[in-house]
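To start, the structure under review is shown below, and the notes come after it.
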Amino acid sequence: MPRNRTVRLAVLGSSVQRAATSGYPSNRSSALKRRIVVGGLVLLSLVLVTVSFRSSALDGVQGTAASILRPFEIAADRVSRPFRDTVGWVHGLANARSENAKLRLKVDELQQKLVLDEGALQENVNLRSQLDYHGPASIQDFSRVNTTVLTNPQSALDESITIGAGTHDGVRVGSPVIAPSGGLVGKVAKTWGGQARVTLLTDAQSFVTSMDLTHPSAVGIIRRGGGGSDALIFDRVAKQPNVSVGDTVITAGSLGTGALPSMFPRGLRVGTVTSVSNLDVNTFKTIQVEPFVNFSTLQSVIVLVAKK
Amino acid sequence: MDAPKAALVLFVAALLQLSVLTEYEPFRTSSIVLVALLSIALLRGSVFGAVAGFGTGLLLDTATLGTLGLTSLLMTVGGFWIGRYGETTARDRFHAPFVSVAVVTVLYAFGQVALQFVLGEPAPAGLVAHALPLGLLLNLLLTLPVYALIRRLFPPLELGDRVREVRLLG
């Protein structure tokens with residue numbers, strides 16, 4: 001028996017216009033409006049990307065807007081600080097005993113090293129003055145700009161931070177950036193009046209000429225390692241120098257008197273060697289380095305600005 | 001009244017993301033801003049979602065001094081798409097926010113890689129794929145409280161508010 005739909009047809013047979021209310025639009029004009037809005041926004045985004053990527057026309061506006069946002073970021077940081085301190089305190093307490101034992105051993109080891117190092121340093125100073133030796137730029141040739149980290153890396157792809165010092169403080173593109181502990185963080189990639197964007201050492205386009213502190217003939221390039229960790233690769237190191245696990249890697253500074261001197265002074269601490277492999281089939285050694293800096297938890301940094 | 005409320009919610013979420021969450025490494029892979037945006041889009045529709053996504057993306061790009069428009073583009077498309085989903089098949093379904101967040105988190109991550117690649121920037125897809133499971137998990141965990149809060153602030157529209165016209169098809 002066929003179903004009788006007479007009643008439904010009587011109700012739904014003609015288009016019934018309801019009173020306009022706010023909410024989801026569903027008619028044709030709304031569909032058109034929807035497409036125009038989203039199309040316009042996508043187009044505007046593409047224009048912004050193009051202008052921002054190809055020129056510095058929007059830098060002023062972006063810098064000003066970022067300056068306006070800065071007090072809010074600082075306020076959020078201060079509000080959340082007690083909670084973060086509590087988390088840090090609990091975490092520290094849980095690891096305190098084992099860490100204490102490790103640190104005691106380390107202190108003994110370092111005290112022995114310090115005696116030897118101080119003697120070597122004194123000897124180095126004497127010999128330099130006697131020979132009138134001019135080596136590569138060192139950290140003493142740079143003035144320090146201490147500043148806060150405004151934003152940390154925002155995604156797995158993002159290997160940059162923003163800092164609260166810019167051209168007004170003497171910061172320039174290429175200025176080396178170190179952590180308060182002395183470990184190398186990266187270099188300044190872009191500057192604004194009161195802010196700058198820093199490319200971290202873990203960025204895929206970051207390369208730093210470095211050397212093994214214990215075996216200075218082991219010179220190579222520090223670059224990003226594979227995988228999702230912050231591990232670095234000490235690349236292009238010849239097979240002859242004997243690099244060992246636990247060695248400290250530092251920046252090499254400028255080697256020789258080439259036309260393109262290194263932006264980094266000699267002696268900035270990069271990291272510790274964690275593994276060395278010396279396969280016959282490889283031209284160079286494969287050396288993995290654990291950086292001194294934890295790039296995701298930086299609170300403040302020091303920008304090194306050349307004095308001359 | 002929804003627009004200022006949404007602006008405030010997304011601004012607070014962005015501040016939380018920029019100043020607090022990203023200090024913890026696992027949260028570099030997730031995004032409370034994305035979860036908040038998708039929740040609002042789901043409850044308020046495609047146009048609202050697209051506009052909110054554009055504004056939020058612009059805010060993030062400005063604060064991080066990144067390439068302007070990059071995050072806006074992704075968030076505009078994400079907000080629009082999920083808003084459309086909310087207008088059509090997702091109505092009153094419990095799983096809708098979770099499905100939306102899961103799908104957009106994956107597409108957002110690979111959208112970022114694609115845009116970086118197009119711009120000639122380093123775009124390590126392996127790195128993104130490696131970080132994605134944790135990001136996805138954290139975003140899904142964030143969805144429950146964030147969506148509950150946003151649902152209270154933006155109560156779902158009644159059917160009468162959604163439909164202005166009834167037309168017989170066929």
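Residues are named by chain letter and number: chains run A, B, ... in the order of the structure tokens, numbers start at 1 in each chain, and ligands are numbered from 1 in the order shown.
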*Polymer residues at most 10 Å from Pro261 of chain A, only C-alpha atoms, same-chain spacing of 6 or more positions, as a ChimeraX atom specification*: /A:136-137,253-255
*What's the 10 Å shell around Ala125 of chain B, counting only C-alpha atoms, without same-chain residues fewer than 2 positions away, as a VMD selection string?*
(chain A and resid 157) or (chain B and resid 109 to 110 112 to 114 117 122 to 123 127 to 131)
Print the selection's residues with N, CA and C atoms to a file, as a short mmCIF file (atom, residue, chain, number, x, y, z; two decimals), in the first residue's frame.
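File written: out29.cif
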```cif
data_model
loop_
_atom_site.label_atom_id
_atom_site.label_comp_id
_atom_site.auth_asym_id
_atom_site.auth_seq_id
_atom_site.Cartn_x
_atom_site.Cartn_y
_atom_site.Cartn_z
N LEU A 157 58.27 22.58 13.66
CA LEU A 157 58.99 23.15 12.51
C LEU A 157 59.73 24.44 12.86
N ALA B 109 49.48 20.51 10.46
CA ALA B 109 50.92 20.21 10.52
C ALA B 109 51.49 20.04 9.11
N PHE B 110 50.80 19.27 8.28
CA PHE B 110 51.33 19.06 6.93
C PHE B 110 51.10 20.29 6.04
N GLN B 112 51.52 23.30 7.15
CA GLN B 112 52.70 24.12 7.49
C GLN B 112 53.92 23.68 6.69
N VAL B 113 54.11 22.37 6.62
CA VAL B 113 55.25 21.83 5.87
C VAL B 113 55.14 22.24 4.40
N ALA B 114 53.93 22.09 3.85
CA ALA B 114 53.74 22.41 2.43
C ALA B 114 54.02 23.90 2.17
N PHE B 117 57.66 24.63 2.35
CA PHE B 117 58.31 24.09 1.15
C PHE B 117 58.11 25.04 -0.03
N PRO B 122 63.29 25.50 4.99
CA PRO B 122 63.44 24.08 5.33
C PRO B 122 62.10 23.49 5.76
N ALA B 123 61.75 22.36 5.19
CA ALA B 123 60.45 21.73 5.50
C ALA B 123 60.64 20.24 5.77
N LEU B 127 60.35 15.30 10.55
CA LEU B 127 60.32 15.91 11.89
C LEU B 127 58.87 16.13 12.34
N VAL B 128 58.07 16.61 11.41
CA VAL B 128 56.65 16.86 11.72
C VAL B 128 55.93 15.55 12.00
N ALA B 129 56.21 14.55 11.17
CA ALA B 129 55.57 13.24 11.37
C ALA B 129 55.98 12.64 12.71
N HIS B 130 57.21 12.89 13.11
CA HIS B 130 57.72 12.37 14.39
C HIS B 130 57.01 13.05 15.57
N ALA B 131 56.76 14.35 15.44
CA ALA B 131 56.15 15.11 16.55
C ALA B 131 54.63 15.01 16.56
#
```
*Using only C-alpha atoms, which of B:Leu153, B:Glu87, B:Val35, B:Leu142 sits nearest chain A?*
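With only C-alpha atoms as the atom set, the closest residue is B:Glu87.
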_For Lys307 of chain A, find every residue with an atom within 9 Å (counting only C-alpha atoms), except residues of its own chain fewer than 6 positions away, and show them as a list in words._
Asp141, Phe142 and Ser143 of chain A
Kindly export the residues of the current selection with all heavy atoms, as a short mmCIF file (atom, residue, chain, number, x, y, z; two decimals), in the first residue's frame.
```
data_model
loop_
_atom_site.label_atom_id
_atom_site.label_comp_id
_atom_site.auth_asym_id
_atom_site.auth_seq_id
_atom_site.Cartn_x
_atom_site.Cartn_y
_atom_site.Cartn_z
N ASP A 141 86.03 40.59 22.66
CA ASP A 141 85.90 41.63 21.63
C ASP A 141 84.44 42.03 21.40
O ASP A 141 84.14 42.80 20.49
CB ASP A 141 86.50 41.13 20.31
CG ASP A 141 87.97 40.81 20.46
OD1 ASP A 141 88.66 41.59 21.13
OD2 ASP A 141 88.42 39.76 19.96
N PHE A 142 83.54 41.47 22.18
CA PHE A 142 82.10 41.76 22.01
C PHE A 142 81.54 42.33 23.30
O PHE A 142 81.97 41.96 24.39
CB PHE A 142 81.33 40.46 21.69
CG PHE A 142 81.63 39.90 20.32
CD1 PHE A 142 82.79 39.18 20.08
CD2 PHE A 142 80.73 40.09 19.28
CE1 PHE A 142 83.07 38.67 18.83
CE2 PHE A 142 80.99 39.57 18.03
CZ PHE A 142 82.16 38.86 17.80
N SER A 143 80.60 43.27 23.14
CA SER A 143 79.87 43.72 24.33
C SER A 143 78.59 42.88 24.45
O SER A 143 78.12 42.32 23.46
CB SER A 143 79.54 45.21 24.23
OG SER A 143 78.83 45.46 23.05
#
```
_Long-range neighbours of Phe154 of chain B as JSON, numbers by chain, 12 Å cut-off, only C-alpha atoms, 5 positions minimum in chain_ = {"A": [23], "B": [1, 2, 3, 4, 5, 6, 9, 36, 39, 40, 41, 42, 43, 44, 45, 146, 147, 148, 149]}
Could you give me, as JSON lines, a per-residue list for chain B showing, wherever an atom lies at most 8 Å from an atom of chain A, the closest pair of atoms and their distance in Å to one decimal, using only C-alpha atoms and sorting by chain then residue number from low to high?
```
{"residue": "B:Leu15", "atom": "CA", "partner": "A:Glu73", "partner_atom": "CA", "distance": 6.1}
{"residue": "B:Leu16", "atom": "CA", "partner": "A:Ala76", "partner_atom": "CA", "distance": 7.0}
{"residue": "B:Leu18", "atom": "CA", "partner": "A:Thr151", "partner_atom": "CA", "distance": 5.8}
{"residue": "B:Ser19", "atom": "CA", "partner": "A:Asp77", "partner_atom": "CA", "distance": 5.5}
{"residue": "B:Val20", "atom": "CA", "partner": "A:Asp77", "partner_atom": "CA", "distance": 6.4}
{"residue": "B:Thr22", "atom": "CA", "partner": "A:Asn152", "partner_atom": "CA", "distance": 6.0}
{"residue": "B:Glu23", "atom": "CA", "partner": "A:Thr297", "partner_atom": "CA", "distance": 5.2}
{"residue": "B:Tyr24", "atom": "CA", "partner": "A:Thr297", "partner_atom": "CA", "distance": 6.8}
{"residue": "B:Glu25", "atom": "CA", "partner": "A:Ser296", "partner_atom": "CA", "distance": 5.7}
{"residue": "B:Arg28", "atom": "CA", "partner": "A:Ser155", "partner_atom": "CA", "distance": 4.7}
{"residue": "B:Thr29", "atom": "CA", "partner": "A:Ser155", "partner_atom": "CA", "distance": 5.3}
{"residue": "B:Ser30", "atom": "CA", "partner": "A:Ser155", "partner_atom": "CA", "distance": 7.5}
{"residue": "B:Arg44", "atom": "CA", "partner": "A:Tyr24", "partner_atom": "CA", "distance": 7.2}
{"residue": "B:Gly45", "atom": "CA", "partner": "A:Tyr24", "partner_atom": "CA", "distance": 6.0}
{"residue": "B:Ser46", "atom": "CA", "partner": "A:Arg34", "partner_atom": "CA", "distance": 7.4}
{"residue": "B:Val47", "atom": "CA", "partner": "A:Arg34", "partner_atom": "CA", "distance": 5.8}
{"residue": "B:Ala50", "atom": "CA", "partner": "A:Val38", "partner_atom": "CA", "distance": 6.2}
{"residue": "B:Val51", "atom": "CA", "partner": "A:Leu41", "partner_atom": "CA", "distance": 7.4}
{"residue": "B:Phe54", "atom": "CA", "partner": "A:Leu41", "partner_atom": "CA", "distance": 6.9}
{"residue": "B:Thr62", "atom": "CA", "partner": "A:Ala66", "partner_atom": "CA", "distance": 5.7}
{"residue": "B:Ala63", "atom": "CA", "partner": "A:Ala66", "partner_atom": "CA", "distance": 5.1}
{"residue": "B:Thr64", "atom": "CA", "partner": "A:Thr162", "partner_atom": "CA", "distance": 6.3}
{"residue": "B:Leu65", "atom": "CA", "partner": "A:Arg197", "partner_atom": "CA", "distance": 6.8}
{"residue": "B:Thr67", "atom": "CA", "partner": "A:Ser52", "partner_atom": "CA", "distance": 5.8}
{"residue": "B:Leu68", "atom": "CA", "partner": "A:Val49", "partner_atom": "CA", "distance": 5.5}
{"residue": "B:Gly69", "atom": "CA", "partner": "A:Ser45", "partner_atom": "CA", "distance": 4.5}
{"residue": "B:Leu70", "atom": "CA", "partner": "A:Val49", "partner_atom": "CA", "distance": 5.9}
{"residue": "B:Ser72", "atom": "CA", "partner": "A:Ser45", "partner_atom": "CA", "distance": 6.1}
{"residue": "B:Leu73", "atom": "CA", "partner": "A:Ser45", "partner_atom": "CA", "distance": 5.3}
{"residue": "B:Thr76", "atom": "CA", "partner": "A:Val42", "partner_atom": "CA", "distance": 6.9}
{"residue": "B:Val77", "atom": "CA", "partner": "A:Val42", "partner_atom": "CA", "distance": 7.5}
{"residue": "B:Phe80", "atom": "CA", "partner": "A:Val38", "partner_atom": "CA", "distance": 7.1}
{"residue": "B:Glu87", "atom": "CA", "partner": "A:Tyr24", "partner_atom": "CA", "distance": 6.6}
{"residue": "B:Val113", "atom": "CA", "partner": "A:Leu157", "partner_atom": "CA", "distance": 7.7}
{"residue": "B:Pro122", "atom": "CA", "partner": "A:Ala204", "partner_atom": "CA", "distance": 6.4}
{"residue": "B:Ala123", "atom": "CA", "partner": "A:Leu157", "partner_atom": "CA", "distance": 7.3}
{"residue": "B:Pro124", "atom": "CA", "partner": "A:Leu157", "partner_atom": "CA", "distance": 7.5}
{"residue": "B:Gly126", "atom": "CA", "partner": "A:Gly227", "partner_atom": "CA", "distance": 7.3}
{"residue": "B:Leu127", "atom": "CA", "partner": "A:Gly228", "partner_atom": "CA", "distance": 5.4}
{"residue": "B:Val128", "atom": "CA", "partner": "A:Ala156", "partner_atom": "CA", "distance": 6.1}
{"residue": "B:His130", "atom": "CA", "partner": "A:Gly228", "partner_atom": "CA", "distance": 6.3}
{"residue": "B:Ala131", "atom": "CA", "partner": "A:Ala156", "partner_atom": "CA", "distance": 6.5}
{"residue": "B:Leu157", "atom": "CA", "partner": "A:Gly23", "partner_atom": "CA", "distance": 6.7}
{"residue": "B:Asp161", "atom": "CA", "partner": "A:Gly23", "partner_atom": "CA", "distance": 5.2}
{"residue": "B:Arg162", "atom": "CA", "partner": "A:Tyr24", "partner_atom": "CA", "distance": 4.5}
{"residue": "B:Val163", "atom": "CA", "partner": "A:Ser26", "partner_atom": "CA", "distance": 6.4}
{"residue": "B:Arg164", "atom": "CA", "partner": "A:Arg18", "partner_atom": "CA", "distance": 5.2}
{"residue": "B:Glu165", "atom": "CA", "partner": "A:Gln17", "partner_atom": "CA", "distance": 5.2}
{"residue": "B:Val166", "atom": "CA", "partner": "A:Ser15", "partner_atom": "CA", "distance": 5.9}
{"residue": "B:Arg167", "atom": "CA", "partner": "A:Ser15", "partner_atom": "CA", "distance": 5.1}
{"residue": "B:Leu168", "atom": "CA", "partner": "A:Leu12", "partner_atom": "CA", "distance": 5.8}
```
*Please indicate the distance in Å from atom CA of Glu123 of chain A to atom CA of Gly183 of chain A, rounded to one decimal place.*
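Value for the atom CA of Glu123 of chain A-atom CA of Gly183 of chain A distance: 25.5 Å.
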_Just checking: using only C-alpha atoms, which residue out of B:Asn139, B:Gln17, B:Thr88, B:Thr56 ends up closest to Val106 of chain B?_
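The closest residue to Val106 of chain B is B:Asn139.
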*Sel. of alpha helix (DSSP H) residues, segment 12-141 of chain A, as a PyMOL selection string*: chain A and resi 12+28-54+59-131
*asked:* Could you tell me how far atom CA of Leu121 of chain A sits from atom CA of His134 of chain A, in Å to one decimal place?
replied: 15.9 Å
